[in-house]
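Asker: Right, I'll just put the structure down here and ask away after.
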Amino acid sequence: MSGNLTFAMIKPDAVESGKSGAIIAHLQEQGFLVRAMRLVRLTRPEAEAFYEVHRERPFYGELVEFMISGPAIAMALQSSDAVAGWRTAIGATDPAEAAEGTIRREFAESKGRNAVHGSDSDENALREVAFFFPERELALLGVHLPA
Ligand code: UDP
Ligand code: MG
């Protein structure tokens, strides 16, 4: 049921350097529909929870500091095969390894400050959309989480 929805974020590096508009234009040109969008300023506990899966990784502390360093833009994106499609559109984690024409290749500064986030599974897409958007907005998206 969730295959046409993914969670995307424009990270603080790209918001701070004024690239949000270009990134949104780019994703719309590629056929992604913005179904929900919020400017967010993550607290430390929120950033820690969002990236909980990476807690034991050496870059976790730096990642959390980066994600709370300024506002970010949270989005629910719709397209067919949204999770895989958005991962292809953003490119590899490290912009140096990202394919030509991908968002990270075009807009990211480094492997850490890499402009955008994309969910890696349908299950995580739902979890991440629900992390940022209230239930009444999820209902408008047709997302109904198990109680
Ligand atoms: N990251 C980092 N150094 C690394 C790997 C990841 O700073 O060696 C950061 C980067 O911002 C990345 C995020 O941690 O986007 C989450 O890592 P993941 O492996 O999930 O990459 P993604 O799914 O974002 O491509
Ligand atoms: Mg990831």
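Identifiers for the structure tokens are assigned positionally: chains receive A, B, ... in sequence, residues are indexed from 1 per chain, and ligands are indexed from 1 in the order shown.
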Do a neighbour search on stretch 133-144 of chain A at 12 Å with only C-alpha atoms, toss out local chain neighbours closer than 4 positions, and write the hits as a PyMOL selection string.
Answerer: chain A and resi 1-7+33-40+73-78+122-123+125-129
Asker: Please identify every residue of chain A that has at least one atom no farther than 6 Å from an atom of ligand 1, counting only C-alpha atoms and all ligand atoms, and for each give the shortest atom pair and the distance in Å to one decimal, arranged by chain then increasing number, as a Markdown table.
Answerer:
| residue | atom | partner | partner_atom_place_in_ligand_line | distance |
| --- | --- | --- | --- | --- |
| A:Phe59 | CA | ligand 1 | 7 (O) | 5.3 |
| A:Leu63 | CA | ligand 1 | 7 (O) | 5.5 |
| A:Ala92 | CA | ligand 1 | 25 (O) | 5.9 |
| A:Thr93 | CA | ligand 1 | 25 (O) | 3.8 |
| A:Lys111 | CA | ligand 1 | 2 (C) | 5.5 |
| A:Gly112 | CA | ligand 1 | 7 (O) | 3.3 |
| A:Arg113 | CA | ligand 1 | 11 (O) | 5.5 |
| A:Asn114 | CA | ligand 1 | 11 (O) | 5.6 |
| A:His117 | CA | ligand 1 | 24 (O) | 5.2 |
Asker: Let me see the file: selected residues, C-alpha atoms, as a CSV table (one decimal), in the first residue's frame.
Answerer:
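Listing of out02.csv after writing:
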chain,number,residue,atom,x,y,z
A,59,PHE,CA,30.0,9.0,12.1
A,63,LEU,CA,25.8,13.2,11.8
A,92,ALA,CA,25.2,7.4,-3.7
A,93,THR,CA,25.8,8.6,-0.2
A,111,LYS,CA,29.7,12.3,2.2
A,112,GLY,CA,28.4,13.8,5.5
A,113,ARG,CA,26.9,17.0,4.2
A,114,ASN,CA,25.2,15.4,1.4
A,117,HIS,CA,17.9,12.1,2.7
Asker: As a PyMOL selection string, please: all residues of stretch 64-142 of chain A that backbone DSSP puts in alpha helix (DSSP H).
Answerer: chain A and resi 64-67+82-90+103-107+122-132+135-140
Asker: Dump C-alpha atoms for the selected residues as a compact mmCIF listing (two decimals), in the first residue's frame?
Answerer:
# COMPACT_ATOMS: atom_id res chain seq x y z
CA VAL A 64 23.59 14.31 14.72
CA GLU A 65 25.51 17.59 15.11
CA PHE A 66 25.07 18.30 11.41
CA MET A 67 21.37 17.50 11.40
CA ALA A 82 8.88 5.80 -4.76
CA VAL A 83 11.56 4.41 -2.44
CA ALA A 84 13.79 2.96 -5.16
CA GLY A 85 13.04 5.82 -7.54
CA TRP A 86 14.05 8.45 -5.01
CA ARG A 87 17.22 6.55 -4.03
CA THR A 88 18.18 6.49 -7.71
CA ALA A 89 17.40 10.21 -8.06
CA ILE A 90 19.57 11.21 -5.08
CA ILE A 103 20.90 15.34 -6.70
CA ARG A 104 23.88 14.51 -4.49
CA ARG A 105 26.28 14.77 -7.43
CA GLU A 106 24.87 18.18 -8.27
CA PHE A 107 24.16 19.67 -4.83
CA ASP A 122 8.83 0.98 2.35
CA GLU A 123 8.75 0.17 6.06
CA ASN A 124 11.20 2.95 6.89
CA ALA A 125 9.43 5.36 4.53
CA LEU A 126 6.26 4.94 6.58
CA ARG A 127 8.12 5.23 9.86
CA GLU A 128 9.92 8.39 8.68
CA VAL A 129 6.81 10.06 7.21
CA ALA A 130 5.05 9.37 10.52
CA PHE A 131 8.03 10.79 12.42
CA PHE A 132 7.52 14.21 10.81
CA GLU A 135 -1.82 11.74 11.87
CA ARG A 136 -4.39 14.00 10.21
CA GLU A 137 -1.88 14.80 7.42
CA LEU A 138 -1.01 11.12 7.07
CA ALA A 139 -4.71 10.38 6.68
CA LEU A 140 -4.81 12.83 3.76
Asker: Chain A near ligand 2 within 8 Å: what's each residue's closest atom pair and its distance in Å to one decimal, counting only C-alpha atoms and all ligand atoms, ordered by chain then ascending residue number, as a Markdown table?
Answerer:
| residue | atom | partner | partner_atom_place_in_ligand_line | distance |
| --- | --- | --- | --- | --- |
| A:His117 | CA | ligand 2 | 1 (Mg) | 7.3 |
| A:Gly118 | CA | ligand 2 | 1 (Mg) | 6.7 |
| A:Ser119 | CA | ligand 2 | 1 (Mg) | 6.3 |
| A:Asp120 | CA | ligand 2 | 1 (Mg) | 5.8 |
Asker: For N, CA and C atoms, I'd like the residues from the last selection saved as an mmCIF file, in the first residue's frame.
Answerer:
data_model
loop_
_atom_site.group_PDB
_atom_site.id
_atom_site.type_symbol
_atom_site.label_atom_id
_atom_site.label_comp_id
_atom_site.auth_asym_id
_atom_site.auth_seq_id
_atom_site.Cartn_x
_atom_site.Cartn_y
_atom_site.Cartn_z
ATOM 1 N N HIS A 117 18.148 13.369 2.096
ATOM 2 C CA HIS A 117 17.926 12.051 2.680
ATOM 3 C C HIS A 117 16.895 11.306 1.845
ATOM 4 N N GLY A 118 16.990 9.994 1.816
ATOM 5 C CA GLY A 118 15.947 9.181 1.219
ATOM 6 C C GLY A 118 15.762 7.899 2.009
ATOM 7 N N SER A 119 14.525 7.505 2.231
ATOM 8 C CA SER A 119 14.235 6.249 2.932
ATOM 9 C C SER A 119 14.817 5.073 2.155
ATOM 10 N N ASP A 120 15.157 3.998 2.895
ATOM 11 C CA ASP A 120 15.769 2.848 2.223
ATOM 12 C C ASP A 120 14.841 1.644 2.096
#
Asker: Just give me the gap between atom CA of A:Thr102 and atom CA of A:Phe50 in Å, one decimal is fine.
Answerer: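 Computing it gives 23.9 Å between the two atoms.
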Asker: If DSSP is run on the backbone, what residues of stretch 23-112 of chain A are strand (DSSP E)? A reply as an mmCIF file with N, CA and C atoms, in the first residue's frame would be ideal.
Answerer:
data_model
loop_
_atom_site.group_PDB
_atom_site.id
_atom_site.type_symbol
_atom_site.label_atom_id
_atom_site.label_comp_id
_atom_site.auth_asym_id
_atom_site.auth_seq_id
_atom_site.Cartn_x
_atom_site.Cartn_y
_atom_site.Cartn_z
ATOM 1 N N LEU A 33 5.885 13.867 -6.836
ATOM 2 C CA LEU A 33 4.873 14.801 -6.342
ATOM 3 C C LEU A 33 5.135 15.072 -4.871
ATOM 4 N N VAL A 34 5.169 16.340 -4.495
ATOM 5 C CA VAL A 34 5.307 16.681 -3.075
ATOM 6 C C VAL A 34 3.928 16.617 -2.443
ATOM 7 N N ARG A 35 3.727 15.596 -1.583
ATOM 8 C CA ARG A 35 2.404 15.401 -0.964
ATOM 9 C C ARG A 35 2.311 16.038 0.414
ATOM 10 N N ALA A 36 3.460 16.271 1.059
ATOM 11 C CA ALA A 36 3.494 16.960 2.357
ATOM 12 C C ALA A 36 4.881 17.574 2.486
ATOM 13 N N MET A 37 4.954 18.737 3.139
ATOM 14 C CA MET A 37 6.261 19.404 3.278
ATOM 15 C C MET A 37 6.254 20.313 4.497
ATOM 16 N N ARG A 38 7.352 20.280 5.250
ATOM 17 C CA ARG A 38 7.519 21.138 6.436
ATOM 18 C C ARG A 38 8.965 21.557 6.569
ATOM 19 N N LEU A 39 9.164 22.820 6.950
ATOM 20 C CA LEU A 39 10.496 23.254 7.396
ATOM 21 C C LEU A 39 10.626 22.828 8.855
ATOM 22 N N VAL A 40 11.673 22.079 9.169
ATOM 23 C CA VAL A 40 11.825 21.551 10.525
ATOM 24 C C VAL A 40 13.174 21.948 11.099
ATOM 25 N N ALA A 72 15.908 22.063 8.253
ATOM 26 C CA ALA A 72 15.855 21.092 7.159
ATOM 27 C C ALA A 72 14.428 21.101 6.617
ATOM 28 N N ILE A 73 14.233 20.494 5.459
ATOM 29 C CA ILE A 73 12.886 20.421 4.880
ATOM 30 C C ILE A 73 12.496 18.960 4.743
ATOM 31 N N ALA A 74 11.397 18.610 5.436
ATOM 32 C CA ALA A 74 10.883 17.234 5.418
ATOM 33 C C ALA A 74 9.771 17.148 4.390
ATOM 34 N N MET A 75 9.788 16.067 3.587
ATOM 35 C CA MET A 75 8.781 15.915 2.528
ATOM 36 C C MET A 75 8.316 14.467 2.419
ATOM 37 N N ALA A 76 7.043 14.302 2.124
ATOM 38 C CA ALA A 76 6.526 13.008 1.673
ATOM 39 C C ALA A 76 6.390 13.112 0.160
ATOM 40 N N LEU A 77 7.093 12.238 -0.555
ATOM 41 C CA LEU A 77 7.087 12.272 -2.023
ATOM 42 C C LEU A 77 6.324 11.082 -2.576
ATOM 43 N N GLN A 78 5.587 11.343 -3.632
ATOM 44 C CA GLN A 78 4.834 10.278 -4.299
ATOM 45 C C GLN A 78 5.357 10.065 -5.713
#
Asker: Rounded to one decimal place, report the atom CA of A:Glu109-atom CA of A:Ser80 distance in Å.
Answerer: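 That distance, rounded to one decimal, is 28.8 Å.
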Asker: Using only C-alpha atoms, which residues sit within 6 Å of A:Val116 once same-chain residues fewer than 3 positions away are excluded, as number ranges by chain?
Answerer: A: 9-11
Asker: Rounded to one decimal place, report the atom CA of A:Pro71-atom CA of A:Pro12 distance in Å.
Answerer: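 That distance, rounded to one decimal, is 5.5 Å.
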Asker: Nearest to A:Phe32: which of A:Ser20, A:Ser79, A:Ser110, A:Ser69 is it, counting only C-alpha atoms?
Answerer: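 The closest residue to A:Phe32 is A:Ser79.
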Asker: Out of A:Ala115, A:Leu145, A:Ala47, A:Val53, which residue has the shortest atom-to-atom distance to A:Glu16 when counting only C-alpha atoms?
Answerer: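 Closest candidate: A:Ala115.
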